Number of protein chains: 4
Amino acid sequence: MAEPTDRLVEKFTTSFPFDQRLYPYDIAGSIAHCQMLAKQRIISQSEQKRIITALEQIRIELDEGRFRALPTDEDIHMAVERRLIEKIGAVGGKLHTARSRNDQVAVDLRLFLRAETDAIVSQLHALQRAFATGAKRNRTLAMPGYTHLQPAQPVLLAHHLLAYAQMLGRDIDRFRDLRKRIDVLPLGSGALAGTTFPIDRAFVARKLGFKHISENSMDAVGDRDFAVEFLAAGAIVGMHLSRFSEDLILWASQEFHFVDLPDAFATGSSIMPQKKNPDVAELVRGKSGRLFGNLMALLTTLKGLPLTYNRDLQEDKEPVFDSVDTLKASLQVLNAMLPKLRFNAARLATAATSGFTLATELADYLSTKGVPFRDAHAVVGAIVRHCLEHHIGLEDIPLVELRRFSSRFEADVTSWLSSVAAIERRRAIGGTASINIDRQLKGLGV
Amino acid sequence: MAEPTDRLVEKFTTSFPFDQRLYPYDIAGSIAHCQMLAKQRIISQSEQKRIITALEQIRIELDEGRFRALPTDEDIHMAVERRLIEKIGAVGGKLHTARSRNDQVAVDLRLFLRAETDAIVSQLHALQRAFATGAKRNRTLAMPGYTHLQPAQPVLLAHHLLAYAQMLGRDIDRFRDLRKRIDVLPLGSGALAGTTFPIDRAFVARKLGFKHISENSMDAVGDRDFAVEFLAAGAIVGMHLSRFSEDLILWASQEFHFVDLPDAFATGSSIMPQKKNPDVAELVRGKSGRLFGNLMALLTTLKGLPLTYNRDLQEDKEPVFDSVDTLKASLQVLNAMLPKLRFNAARLATAATSGFTLATELADYLSTKGVPFRDAHAVVGAIVRHCLEHHIGLEDIPLVELRRFSSRFEADVTSWLSSVAAIERRRAIGGTASINIDRQLKGLGV
Amino acid sequence: MAEPTDRLVEKFTTSFPFDQRLYPYDIAGSIAHCQMLAKQRIISQSEQKRIITALEQIRIELDEGRFRALPTDEDIHMAVERRLIEKIGAVGGKLHTARSRNDQVAVDLRLFLRAETDAIVSQLHALQRAFATGAKRNRTLAMPGYTHLQPAQPVLLAHHLLAYAQMLGRDIDRFRDLRKRIDVLPLGSGALAGTTFPIDRAFVARKLGFKHISENSMDAVGDRDFAVEFLAAGAIVGMHLSRFSEDLILWASQEFHFVDLPDAFATGSSIMPQKKNPDVAELVRGKSGRLFGNLMALLTTLKGLPLTYNRDLQEDKEPVFDSVDTLKASLQVLNAMLPKLRFNAARLATAATSGFTLATELADYLSTKGVPFRDAHAVVGAIVRHCLEHHIGLEDIPLVELRRFSSRFEADVTSWLSSVAAIERRRAIGGTASINIDRQLKGLGV
Amino acid sequence: MAEPTDRLVEKFTTSFPFDQRLYPYDIAGSIAHCQMLAKQRIISQSEQKRIITALEQIRIELDEGRFRALPTDEDIHMAVERRLIEKIGAVGGKLHTARSRNDQVAVDLRLFLRAETDAIVSQLHALQRAFATGAKRNRTLAMPGYTHLQPAQPVLLAHHLLAYAQMLGRDIDRFRDLRKRIDVLPLGSGALAGTTFPIDRAFVARKLGFKHISENSMDAVGDRDFAVEFLAAGAIVGMHLSRFSEDLILWASQEFHFVDLPDAFATGSSIMPQKKNPDVAELVRGKSGRLFGNLMALLTTLKGLPLTYNRDLQEDKEPVFDSVDTLKASLQVLNAMLPKLRFNAARLATAATSGFTLATELADYLSTKGVPFRDAHAVVGAIVRHCLEHHIGLEDIPLVELRRFSSRFEADVTSWLSSVAAIERRRAIGGTASINIDRQLKGLGV
C-alpha cells in the first residue's frame with residue numbers, strides 16, 4: 001500500500017484508549033510465549049532474557065502511569081511491542097514469532113475475563129453470605145409474603161432474604177460453568193491457520209494456568225462465545241439485583257416502611273431530614289439496562305460474521321469491560337449496605353397478618369377436620385366477608401360465631417390463627433418454617 | 001368479588017391458546033403429585049385411582065385433538081382440572097390439595113424445557129457429526145482461509161467445517177450445564193410459602209426424574225432463570241448458525257462458487273434455471289433475530305419484579321416456545337442439508353493459492369534460512385509487488401529471479417510453494433495440518 | 001433445478017401460516033395493480049374483469065374461512081395466485097405481469113401497517129381521553145407526588161393522570177410521523193430493478209391511497225425501516241404502559257391503597273374474597289418485554305444484510321404482527337378498565353401531607369419573608385426534626401413554638417400548611433395548580 | 001440524616017465523570033434561568049450580573065481544562081454550583097431558586113441532544129451527498145443487481161449507491177421529526193410539581209431557543225422518551241451503515257473485486273502488499289451492536305418505573321453519549337472514505353451480464369411478441385439450460401439457434417441482450433434506467 005493511513009482512520013480504528021487496561025494480561029501472555037520460544041530454541045536464551053526484562057520494565061511503566069502512548073499505537077499489543085523495540089531493538093521483534101495479533105488479543109481477553117470471573121464469583125459469595133447473615137440475624141421476624149404485590153401468607157423475613165441467596169447461588173454456578181469455557185488457550189492459532197514453528201502450546205497453557213488448549217485455530221481466533229456467555233450471566237445477575245432493589249425500594253417507601261435505610265447509603269435533603277432516598281437501589285435497578293444492552297450489543301456484533309477474524313470483533317471489549325465494572329461496583333455497594341439495613345420488626349409483624357393472610361390457615365384447619373377442600377374454601381370466604389363487613393380481623397371472631405359458619409370449628413382453632421403457627425406448619429422442604437431456614441443456612445455454611 | 005371477570009379481561013389474560021402444549025407435562029406432574037398424595041394418605045387409594053385414570057383419559061383426548069376448550073379455561077392447568085371434575089366430580093378437586101398454580105406452572109415449564117433441552121442437545125450432536133462427516137469426506141480439499149473476508153492463508157476445508165463443530169461442542173456444553181439448573185423440582189412450594197400438608201417432595205422428584213428439589217418456596221415460584229439461561233444459550237446457537245449461514249451464502253454466490261447447493265434445498269426460477277437461492281441459509285441467518293429478541297423479551301419482563309409470583313411471569317412461555325421451535329426447525333433443516341452440499345474442488349484449489357496466500361510461506365522459508373523476520377517480510381513484500389506488476393503468481397517466478405530478491409533462495413523453495421505444503425507445516429495443536437483434522441475428528445468420535 | 005424442494009424445506013420456508021392474515025391487503029393491492037395493467041393496456045378489459053371478479057371471490061372464501069390452503073402454498077401471495085389460476089385458468093397468471101413477490105410483499109406489509117397504525121392511533125387517543133376524563137372526574141383530589149418513590153410534595157391526582165396523557169400524546173405524534181414513511185408505494189419496483197412494462201405507478205398509488213411513490217427500486221424491495229420504526233414506537237408505548245401499570249400495581253397494593261380495582265378487572269380467590277390481584281396491569285407491564293424483544297429481533301435480522309431482497313426479510317412479519325396484537329390488546333383492556341378505577345379520596349388526602357410533604361412550603365414561606373434560601377432550609381430542617389421527635393405533624397405546631405425556630409413566622413403561616421394551598425401556588429405553566437389542569441384538559445379537548 | 005454518605009456510595013452514585021461534558025449546556029441553561037429570575041425580580045440585577053459573570057468564568061475554566069473537580073461533586077450541576085459559591089459566595093446559591101436538579105438535568109440533556117441531532121443531520125446530509133456524487137461520477141457503470149446474493153438483473157451502480165441515499169433521507173426525516181420532541185423546555189417543572197415562584201418559562205424558552213414548553217411537571221422530570229427515540233433513530237442509522245459496510249466488504253473481496261479501497265482507508269501487511277483489509281467498514285458494521293445495545297439499555301432502564309424522577313434515570317446519559325459519539329465518528333469516516341472509492345468498471349461490466357442476468361429480457365422480448373408470460377418463461381428456461389450445457393452465454397447463440405426454441409425470435413432480439421438495454425428499459429419511476437438516476441439526483445439537489 002502506497003499511502004499512509006488517514007489520521008481519521010487511525011483515530012477511528014484505534015482500540016488503545018480502552019484496551020490498555022488489558023496490559024497486565026498482555027504482558028503475562030507475552031512472557032509465557034517468550035519462555036516457550038526459548039525452550040523450543042526458536043529464540044535464544046539471551047534473547048529471552050532481554051525480552052522478558054524489558055517487558056517487566058514496561059509493565060512497571062504502565063503500573064506507574066509513566067507509559068507514553070503514541071497516536072500510532074493501534075492497540076495495547078502494538079504499543080507494548082513498539083516500546084519493547086525502542087528498549088531492546090530488533091530482538092524485540094522476535095517476540096512476535098509464531099504469534100499473531102488475532103490469537104494474542106484472544107488470549108488477553110480470556111486471561112482478563114478469567115480473573116474478573118473469579119473476582120465476581122467472590123463478590124457473589126460475599127453477597128450471598130450477607131443475605132444469609134441478615135436472615136440469621138432476623139431469624140424470627142414474620143412478614144407478609146406477596147403474590148401480585150398483594151399480601152398472601154405470612155412468611156419469615158429470613159425466608160424472603162434467603163430467596164435472594166438462592167438466586168445468587170445459581171449465579172455462582174453459572175459463572176463457574178462458563179469459566180470452563182473461558183479457560184482455553186487460543187495462543188498458537190496464529191492469524192487463523194496455526195503456525196509453522198515448532199511451538200509447545202501445552203507449555204504455554206501451563207505457564208498461564210489454562211486448563212484447555214483450543215483445538216481449531218480458525219475457531220479460536222474468531223470465537224467470542226465466552227464473552228457473550230459472560231455478558232449473559234451478568235445480565236441475569238443484573239436482573240436479580242434489580243428485583244432485590246425493587247423489593248428494597250418498596251420496603252423503604254413510607255407506605256410499606258419495612259426497612260430503614262442506613263443514612264450513609266441514602267440521600268436526603270436538608271429541608272426534609274426524615275427523607276431517605278434509596279439512590280443505591282435505584283441505580284442498581286437502573287443498571288440492569290446496561291447489562292442487558294451490553295449482551296445485545298455483542299450478540300448483534302457477532303451475528304452473521306463469516307469466519308475467521310473480522311475487525312468487528314474489536315467491538316467485543318467495551319461491553320465486556322462495562323459489564324465487569326458495573327457488576328463489581330453494584331455488588332460491592334450492596335455488600336456494604338446489606339449488613340446495615342435495619343428491619344422494622346413491629347411494622348413487619350402487623351403487616352404479616354393484615355389483609356387476611358391467615359385465611360388459608362382456617363381452610364386448612366377445616367380440611368384437617370374432614371371438610372372437603374372446596375367447601376372449606378367457601379366457608380372461609382364467607383367468614384372473611386363477615387370480617388370485612390364488621391371491620392374486624394379473623395382473630396377477633398369468637399368461637400361461637402365461627403361455629404355459625406361451620407360446626408367443625410373447635411377451641412383449638414385459635415392456635416392456628418397466628419403468623420408463627422402458619423409459618424411453622426410449612427415444614428416440607430422449601431417451606432417457610434424455621435426448620436427450612438436452618439436447612440438453607442446450613443447449605444450456605446452460615 | 002361481586003362482579004364476574006370482564007370478557008375482555010378473560011381474553012386478555014388467558015394463556016390457554018399457547019400453554020396448552022404443556023399438557024403432557026401438566027398431566028405427568030399431576031399424576032406424580034396424586035401418587036404422592038395417596039402415599040402420604042392425604043387422599044385415599046381409590047381417589048388416586050379415579051384421578052389418575054381420568055387424567056390419562058384427558059391426555060388421550062388432548063393427544064387426539066378431542067379436548068373441547070372453553071373460553072373460561074384460563075390456562076392448561078385450569079382446563080385439565082375443569083375436565084377432571086366434569087369426569088369424576090368433586091374428588092377431582094382433591095388433586096389440587098397441597099399445590100398451587102404457581103408451583104404447578106413452574107414444574108410444567110421445567111419438565112417441558114428439560115425434555116426440549118435434551119432434544120436440542122441431540123440435534124446439536126447430529127449437526128456436529130454432520131460437520132465432522134463433511135470434514136472427513138472432504139479431507140484433502142484446500143481452500144483459502146480468510147481474515148477480514150480477504151484470503152490470508154490456505155487451510156483445509158475440513159478445518160473450516162470443524163471450526164463449526166467446535167462451536168456446536170460449546171453449545172452442547174452450555175445446554176448440559178443449564179440443564180442442571182432446569183432439573184430442580186419446584187412442586188411443593190405452594191403459592192409462595194410452602195404447604196401445611198405432610199407432602200413427600202423427594203418422592204415426587206423421583207417420579208418425575210428431578211435430580212434436585214428447590215430449597216426456598218419464594219424463590220421457586222418466581223424463578224425463571226432457567227428459562228432466561230435457555231434463551232441465552234439458544235441465542236448463542238443462533239449466532240453460530242447465522243455465521244455458518246453467512247459463510248454458506250458467500251460460498252454459494254456466483255463470485256465465490258465454492259459450493260453447489262442441493263436443488264432440494266434452494267429455490268430458483270423457471271426462467272433462470274441455474275439460479276439457486278440459498279433461502280434456507282438466509283432464513284436461518286434471519287432467525288437469529290427472533291432468538292436474540294426472545295432473550296431480550298424475557299429479561300425485560302423479569303427486570304425489576306418484586307418477589308414472588310407476579311402475573312408478568314405468564315409472559316415467559318411464548319418466547320421460550322418460539323426459541324425451542326426455531327432452534328429445532330433450524331437444526332433439523334441444516335442437518336438434512338449439510339450432507340448434500342457439494343464442494344467445488346477445482347474452484348477451492350484455485351482460490352486457495354490466489355491472492356498470494358503463500359507469501360507467508362516464502363517469509364517462513366527465508367526465516368528458516370536465517371533471514372531475520374522483518375527482513376524476510378520486506379523481501380517477500382518486494383516479490384509480491386513484482387508479481388503484481390507482471391501479473392504472475394509466486395509460483396511463476398524462476399529461481400534465478402527469486403535470488404535477485406534474496407540470495408538465500410535455493411531450489412528447495414519450490415517445495416514450499418503449494419497449499420498442501422503450507423497446510424501440512426501447521427502441525428502444532430489446532431493448526432490446519434491434516435494431523436490436527438484427525439485429532440479433531442477423533443475428539444468428535446467420527 | 002432438477003430435484004423438487006425437500007418437504008422439510010417447504011415447511012421451513014413457508015410463511016403462509018402467519019402471513020395469510022395479510023390477505024385483505026394482498027387482494028386490494030392485486031386489484032389496484034390489475035386495474036392499472038388494464039388502463040395501460042398491458043392486459044385487456046375482459047382479462048381485468050375476470051381477474052378482479054375472481055379475486056373478490058377469493059377474498060370472500062378467506063373471509064369465511066373456506067379457503068383451502070395447500071402445503072405448497074409458500075405464502076399468501078402464491079396461495080392467492082394459485083387459487084386464481086384454479087378459478088380462471090392461465091389468464092390468472094397475467095396478474096403477476098410487471099410485478100414480483102418482492103414488491104408485492106412490501107406493498108402488503110405497508111398497507112397492513114398503515115391501517116394498524118391508524119387503529120392504534122385511535123386507541124391511543126381513546127386512552128388519552130380516558131386519562132383526561134379521569135383527571136376531570138377527580139379534579140380536586142390531592143395526593144402525594146413522589147420522587148424516588150418517597151413522598152415529596154402534594155400534587156393533584158389529575159396532574160399525575162395527565163402526565164400519562166402527555167406521554168400518549170407523544171406516542172400519537174410518533175406514530176403520525178412514522179406513518180408518513182409507511183405511506184410510500186413500493187409496487188412497481190419489480191424484483192429489484194424496476195420493470196420494463198409501461199406501468200403507471202401514480203395510478204396505483206391513488207387507488208391504494210399512497211401519498212408517496214418509492215424512488216429507488218433497489219431500496220424499495222429491501223427497505224423495512226418503516227417496520228423497525230413502528231416497532232420502536234411500539235416499544236416506547238409499551239414502556240409508558242409499563243410505567244402506568246407499575247403505578248397502578250403500587251396504588252392497588254394494601255400498603256398504598258390509593259385505588260380500588262374494579263372486580264371485573266382483577267382476579268381474586270374464593271378464600272380471600274377481599275383480594276384483588278391486578279393481573280391486567282401485571283400482564284401489560286410484562287408485555288413490554290415482547291415489545292422490546294420484537295424491536296431487537298427485527299433490528300438484528302436486518303443488521304449487515306447486503307442489498308437488495310434477501311430471504312431473511314421474511315422474518316419481518318411475526319414481530320410486527322405480535323407488536324400490533326400486543327399493543328391493540330393492551331390498549332383495549334386499559335381503555336375499558338380506566339374509567340372503572342375508583343380512587344380512595346380519604347386515603348389520598350391523608351397521604352398527600354404525610355411524610356412532611358409541606359416542608360418545602362414552609363421554606364418558601366420564610367423565603368417570601370426575606371429569609372435567604374439556605375437559611376430557610378436549615379430552619380425548616382430543624383422544625384421537621386422537632387416534629388419527628390415529638391411524633392407530630394407540621395400543622396400541629398402552635399405559632400408560638402414555630403417562632404422559636406424563626407421570628408419571621410406569623411399567623412398567616414397556617415394558610416400555607418395545606419395541600420390545597422401548596423398545589424394552587426404552583427401556577428407557572430406545567431405546575432400542579434388546577435389552572436394548569438384546565439390548561440392541559442383544554443389542550444386535550446376534554 | 002445523621003451520618004455522612006459512605007465513600008463507596010459517593011463513588012457509586014456520582015455522574016460527574018461522564019456528565020461533565022454537558023457543561024456548556026448546563027451553564028447556558030443557568031444563564032437563561034438567571035436572566036429570567038432577574039427579569040421577574042426574584043433576584044436583583046446586580047445578583048444577576050455577578051452570577052452570570054462567574055458562570056462565564058467557570059465555563060472558561062472548563063473549556064481550558066482548569067476546572068478542579070472534587071470527589072464530592074456528584075454531578076456537573078453540583079460541581080458548577082459549588083464553584084459558583086466558591087467564587088461569589090452565598091449569592092451563588094440564589095441561582096438555584098425556582099429550580100431543581102430534576103428539571104435542570106432534563107434541560108441539559110435536551111440542549112445537548114438538540115445540538116447533536118443537528119450535527120448528525122448535517123453529517124447524514126453530507127453522506128447522502130457523497131453517495132449522490134459517487135452515483136453521478138459513476139453514472140454509466142452497469143453492475144449486477146442481487147437478490148439472495150445471487151445476480152438477478154443488471155442495474156446501474158449509481159442506482160445501487162442511490163438506494164443508500166434514500167435510506168439516509170429517511171434517517172434525516174426521522175431525526176427531524178424527533179427533534180420536535182426534544183425541543184421542549186422542561187425547566188420550571190421543579191422537583192416534580194412545578195414551582196411557587198412567579199417564573200416566566202416562555203422567556204427562558206426564547207433565550208434557549210426552545211419551541212415548546214412542557215405542560216406537565218410530573219411528566220417533564222421523568223420523561224426520557226426523546227432520548228429513547230434518538231437511540232432508536234440511531235440504531236436504524238447503524239443498521240443502514242452496517243448494510244452498506246457489508247456491501248463494501250463484499251465488493252472489496254477478491255472474489256467480487258468491484259471496488260478498490262483507498263490505501264489510506266484500509267490496513268494491510270508488509271508481506272502481502274496487495275492485501276487491503278476493509279477495517280473501517282468492518283468496524284462500522286460491528287458498531288451497529290453498540291447502537292442497538294444502547295437502545296435496549298435505556299428502554300430496560302425505563303421499563304416499569306413509577307412516576308416521577310427516580311435515580312435510575314441517571315443511567316440515561318452514557319448510552320446517549322455513546323450513540324452520539326459512535327454515530328458521529330462512523331459518519332465522519334465514511335464521509336471521508338466514500339469519495340475515494342475507485343470502482344472497477346471492467347469487472348462490474350463483466351459481472352453485470354454473467355449469471356444469465358439477461359434471461360428476463362429475453363422473456364420480456366417474447367412477451368412483447370405476443371408469447372404468454374408462462375410460456376415465455378419456459379422457453380427462456382430451456383435456452384439457459386442449453387447455454388449451461390454448452391458453456392456459452394445468451395449473447396453467443398446465433399439467431400437461427402434461438403429460433404429453434406421459439407419462432408418469435410427475430411433479428412431485433414440482439415438489441416435486447418445488453419445490460420445497457422436492460423437497464424434503460426426500466427423507465428417507470430424507481431426503475432434503474434438513467435432517467436430515474438437523474439430524477440433521484442435532482443431530488444437530492446446534486
# chains A, B, ... in the order shown; residues from 1 in each chain; ligands from 1
$ residues_around --residues "C:Val184" --least-positions-apart "4" --cutoff "8 Å" --atoms "only C-alpha atoms" --output "CSV table (one decimal) with N, CA, C and O atoms, in the first residue's frame"
chain,number,residue,atom,x,y,z
C,110,ARG,N,-46.9,-2.7,4.0
C,110,ARG,CA,-47.2,-1.3,4.2
C,110,ARG,C,-48.7,-1.0,4.3
C,110,ARG,O,-49.1,-0.2,5.2
C,180,LYS,N,-46.0,8.6,7.8
C,180,LYS,CA,-45.5,9.2,6.5
C,180,LYS,C,-44.5,8.3,5.8
C,180,LYS,O,-44.5,8.3,4.6
C,210,PHE,N,-51.9,5.7,-1.4
C,210,PHE,CA,-50.5,6.1,-1.0
C,210,PHE,C,-50.2,7.5,-1.4
C,210,PHE,O,-50.4,7.9,-2.5
C,211,LYS,N,-49.6,8.2,-0.5
C,211,LYS,CA,-49.2,9.6,-0.7
C,211,LYS,C,-47.9,9.7,-1.5
C,211,LYS,O,-47.7,10.7,-2.2
C,212,HIS,N,-47.0,8.8,-1.3
C,212,HIS,CA,-45.7,8.8,-2.0
C,212,HIS,C,-45.4,7.6,-2.8
C,212,HIS,O,-46.1,6.5,-2.5
C,213,ILE,N,-44.5,7.7,-3.7
C,213,ILE,CA,-44.1,6.6,-4.5
C,213,ILE,C,-42.6,6.4,-4.3
C,213,ILE,O,-41.8,7.4,-4.3
C,214,SER,N,-42.1,5.2,-4.1
C,214,SER,CA,-40.7,4.9,-3.9
C,214,SER,C,-39.9,5.3,-5.1
C,214,SER,O,-40.3,5.1,-6.2
$ closest_atom_pairs --of "chain D" --to "chain A" --cutoff "6 Å" --atoms "only C-alpha atoms" --output "Markdown table"
| residue | atom | partner | partner_atom | distance |
| --- | --- | --- | --- | --- |
| D:Met1 | CA | A:Asp263 | CA | 5.7 |
| D:Glu3 | CA | A:Asp263 | CA | 5.4 |
| D:Pro4 | CA | A:Ala264 | CA | 5.4 |
| D:Thr5 | CA | A:Ala264 | CA | 4.0 |
| D:Asp6 | CA | A:Ala264 | CA | 4.9 |
| D:Asp263 | CA | A:Glu3 | CA | 5.4 |
| D:Ala264 | CA | A:Thr5 | CA | 4.0 |
| D:Pro273 | CA | A:Met1 | CA | 5.7 |
| D:Asp279 | CA | A:Arg311 | CA | 5.7 |
| D:Glu282 | CA | A:Asp312 | CA | 5.1 |
| D:Leu283 | CA | A:Asp312 | CA | 4.9 |
| D:Gly286 | CA | A:Asp312 | CA | 4.4 |
| D:Gly289 | CA | A:Ala297 | CA | 4.0 |
| D:Arg290 | CA | A:Ala297 | CA | 4.7 |
| D:Gly293 | CA | A:Gly293 | CA | 4.0 |
| D:Asn294 | CA | A:Gly293 | CA | 5.7 |
| D:Met296 | CA | A:Gly293 | CA | 5.2 |
| D:Ala297 | CA | A:Gly289 | CA | 4.0 |
| D:Leu298 | CA | A:Gly289 | CA | 6.0 |
| D:Thr300 | CA | A:Gly289 | CA | 4.8 |
| D:Thr301 | CA | A:Gly289 | CA | 4.7 |
| D:Arg311 | CA | A:Glu282 | CA | 5.4 |
| D:Asp312 | CA | A:Gly286 | CA | 4.4 |
$ write_last_selection --atoms "N, CA and C atoms" --output "mmCIF file, in the first residue's frame"
data_model
loop_
_atom_site.group_PDB
_atom_site.id
_atom_site.type_symbol
_atom_site.label_atom_id
_atom_site.label_comp_id
_atom_site.auth_asym_id
_atom_site.auth_seq_id
_atom_site.Cartn_x
_atom_site.Cartn_y
_atom_site.Cartn_z
ATOM 1 N N MET D 1 -30.607 13.425 58.283
ATOM 2 C CA MET D 1 -29.749 12.241 58.313
ATOM 3 C C MET D 1 -28.473 12.542 59.102
ATOM 4 N N GLU D 3 -25.627 10.433 59.614
ATOM 5 C CA GLU D 3 -24.324 10.013 59.107
ATOM 6 C C GLU D 3 -24.041 10.597 57.725
ATOM 7 N N PRO D 4 -22.773 10.818 57.431
ATOM 8 C CA PRO D 4 -22.438 11.268 56.075
ATOM 9 C C PRO D 4 -22.525 10.089 55.112
ATOM 10 N N THR D 5 -22.578 10.446 53.858
ATOM 11 C CA THR D 5 -22.638 9.407 52.829
ATOM 12 C C THR D 5 -21.351 8.592 52.821
ATOM 13 N N ASP D 6 -21.515 7.289 52.689
ATOM 14 C CA ASP D 6 -20.375 6.388 52.593
ATOM 15 C C ASP D 6 -19.559 6.728 51.329
ATOM 16 N N ASP D 263 -5.898 3.240 -0.143
ATOM 17 C CA ASP D 263 -4.876 2.774 0.799
ATOM 18 C C ASP D 263 -5.069 3.389 2.183
ATOM 19 N N ALA D 264 -5.393 4.672 2.187
ATOM 20 C CA ALA D 264 -5.455 5.388 3.457
ATOM 21 C C ALA D 264 -6.620 4.926 4.316
ATOM 22 N N PRO D 273 1.524 -6.996 0.217
ATOM 23 C CA PRO D 273 1.259 -5.578 -0.034
ATOM 24 C C PRO D 273 -0.026 -5.353 -0.829
ATOM 25 N N ASP D 279 -11.031 -2.516 7.219
ATOM 26 C CA ASP D 279 -11.256 -2.347 8.665
ATOM 27 C C ASP D 279 -12.327 -1.324 8.985
ATOM 28 N N GLU D 282 -15.641 -2.824 8.452
ATOM 29 C CA GLU D 282 -15.908 -3.855 9.464
ATOM 30 C C GLU D 282 -16.270 -3.232 10.810
ATOM 31 N N LEU D 283 -15.534 -2.205 11.196
ATOM 32 C CA LEU D 283 -15.835 -1.556 12.476
ATOM 33 C C LEU D 283 -17.204 -0.876 12.444
ATOM 34 N N GLY D 286 -19.654 -3.542 12.805
ATOM 35 C CA GLY D 286 -19.656 -4.045 14.179
ATOM 36 C C GLY D 286 -20.307 -3.084 15.158
ATOM 37 N N GLY D 289 -23.811 -3.028 16.785
ATOM 38 C CA GLY D 289 -24.053 -3.698 18.067
ATOM 39 C C GLY D 289 -24.242 -2.723 19.215
ATOM 40 N N ARG D 290 -23.337 -1.787 19.356
ATOM 41 C CA ARG D 290 -23.470 -0.868 20.489
ATOM 42 C C ARG D 290 -24.666 0.067 20.309
ATOM 43 N N GLY D 293 -27.525 -1.963 21.338
ATOM 44 C CA GLY D 293 -27.397 -2.206 22.782
ATOM 45 C C GLY D 293 -27.772 -0.986 23.605
ATOM 46 N N ASN D 294 -27.367 0.177 23.141
ATOM 47 C CA ASN D 294 -27.703 1.395 23.883
ATOM 48 C C ASN D 294 -29.214 1.622 23.935
ATOM 49 N N MET D 296 -31.521 -0.732 23.765
ATOM 50 C CA MET D 296 -32.086 -1.719 24.694
ATOM 51 C C MET D 296 -31.796 -1.314 26.144
ATOM 52 N N ALA D 297 -30.614 -0.762 26.368
ATOM 53 C CA ALA D 297 -30.227 -0.370 27.727
ATOM 54 C C ALA D 297 -31.206 0.656 28.286
ATOM 55 N N LEU D 298 -31.485 1.693 27.514
ATOM 56 C CA LEU D 298 -32.340 2.747 28.061
ATOM 57 C C LEU D 298 -33.794 2.292 28.170
ATOM 58 N N THR D 300 -34.782 -0.675 28.800
ATOM 59 C CA THR D 300 -34.826 -1.519 30.001
ATOM 60 C C THR D 300 -34.839 -0.674 31.262
ATOM 61 N N THR D 301 -33.970 0.327 31.293
ATOM 62 C CA THR D 301 -33.894 1.164 32.487
ATOM 63 C C THR D 301 -35.242 1.819 32.788
ATOM 64 N N ARG D 311 -33.840 7.694 40.576
ATOM 65 C CA ARG D 311 -32.416 7.830 40.312
ATOM 66 C C ARG D 311 -31.958 6.957 39.139
ATOM 67 N N ASP D 312 -32.759 5.940 38.835
ATOM 68 C CA ASP D 312 -32.468 5.104 37.666
ATOM 69 C C ASP D 312 -32.224 5.956 36.433
#
$ select_by_dssp --residues "stretch 8-207 of chain C" --states "strand (DSSP E)" --output "short mmCIF file (atom, residue, chain, number, x, y, z; two decimals) with N, CA, C and O atoms, in the first residue's frame"
data_model
loop_
_atom_site.label_atom_id
_atom_site.label_comp_id
_atom_site.auth_asym_id
_atom_site.auth_seq_id
_atom_site.Cartn_x
_atom_site.Cartn_y
_atom_site.Cartn_z
N ALA C 142 -56.18 15.60 46.07
CA ALA C 142 -54.74 15.75 46.25
C ALA C 142 -54.14 14.39 46.55
O ALA C 142 -54.82 13.48 47.02
N MET C 143 -52.89 14.25 46.28
CA MET C 143 -52.18 13.02 46.58
C MET C 143 -50.70 13.37 46.74
O MET C 143 -50.29 14.47 46.37
N PRO C 144 -49.93 12.48 47.30
CA PRO C 144 -48.50 12.80 47.36
C PRO C 144 -47.86 12.62 45.99
O PRO C 144 -48.15 11.65 45.30
N GLY C 145 -47.03 13.55 45.61
CA GLY C 145 -46.18 13.37 44.44
C GLY C 145 -44.89 12.73 44.91
O GLY C 145 -44.35 13.10 45.95
N TYR C 146 -44.39 11.77 44.15
CA TYR C 146 -43.21 11.02 44.58
C TYR C 146 -41.98 11.34 43.73
O TYR C 146 -42.08 11.54 42.52
N THR C 147 -40.84 11.36 44.38
CA THR C 147 -39.58 11.16 43.67
C THR C 147 -38.88 10.05 44.44
O THR C 147 -39.02 9.97 45.66
N GLN C 150 -40.51 8.16 47.21
CA GLN C 150 -40.68 8.80 48.51
C GLN C 150 -41.59 10.00 48.30
O GLN C 150 -41.41 10.75 47.33
N PRO C 151 -42.55 10.21 49.19
CA PRO C 151 -43.42 11.37 49.03
C PRO C 151 -42.61 12.65 49.08
O PRO C 151 -41.72 12.80 49.94
N ALA C 152 -42.89 13.57 48.19
CA ALA C 152 -42.08 14.79 48.11
C ALA C 152 -42.94 16.04 48.28
O ALA C 152 -42.67 16.86 49.16
N GLN C 153 -43.96 16.18 47.48
CA GLN C 153 -44.83 17.36 47.54
C GLN C 153 -46.24 16.94 47.15
O GLN C 153 -46.41 16.04 46.33
N PRO C 154 -47.25 17.61 47.69
CA PRO C 154 -48.61 17.27 47.27
C PRO C 154 -48.83 17.67 45.81
O PRO C 154 -48.31 18.70 45.37
N VAL C 155 -49.56 16.87 45.12
CA VAL C 155 -49.96 17.20 43.74
C VAL C 155 -51.42 16.80 43.58
O VAL C 155 -51.99 16.13 44.45
N LEU C 156 -52.00 17.20 42.47
CA LEU C 156 -53.34 16.72 42.17
C LEU C 156 -53.24 15.38 41.47
O LEU C 156 -52.38 15.19 40.60
N VAL C 184 -45.76 4.94 1.44
CA VAL C 184 -44.96 5.02 0.21
C VAL C 184 -45.22 3.75 -0.59
O VAL C 184 -45.03 2.65 -0.09
N LEU C 185 -45.62 3.92 -1.84
CA LEU C 185 -45.92 2.76 -2.69
C LEU C 185 -44.63 2.11 -3.20
O LEU C 185 -43.87 2.74 -3.94
#
$ closest_residue --among "B:Ala158, B:Leu307, B:Tyr23, B:Glu81" --to "B:Ile60" --atoms "only C-alpha atoms"
B:Tyr23
$ residues_around --residues "B:Leu161" --least-positions-apart "5" --cutoff "10 Å" --atoms "only C-alpha atoms" --output "list in words"
Met218 and Asp219 of chain A; Gln128, Ala130, Phe131, Ala132, Thr133, Gly134, Ala135, Lys136, Asn138, Leu156, Gln166 and Phe244 of chain B
$ residues_around --residues "D:Ala421" --least-positions-apart "2" --cutoff "12 Å" --atoms "only C-alpha atoms" --output "list in words"
Thr196 of chain C; Ala142, Gln153, Pro154, Val155, Leu156, Thr353, Leu358, Glu361, Leu362, Tyr365, Val413, Thr414, Ser415, Trp416, Leu417, Ser418, Ser419, Ile423, Glu424, Arg425, Arg426, Arg427, Thr432, Ala433 and Ser434 of chain D
$ closest_residue --among "B:Ala220, B:Val446, B:Ile76, B:Leu178" --to "B:Ala193" --atoms "only C-alpha atoms"
B:Ala220
$ atom_distance --atom1 "atom CA of C:Glu47" --atom2 "atom CA of D:Ala376"
18.8 Å
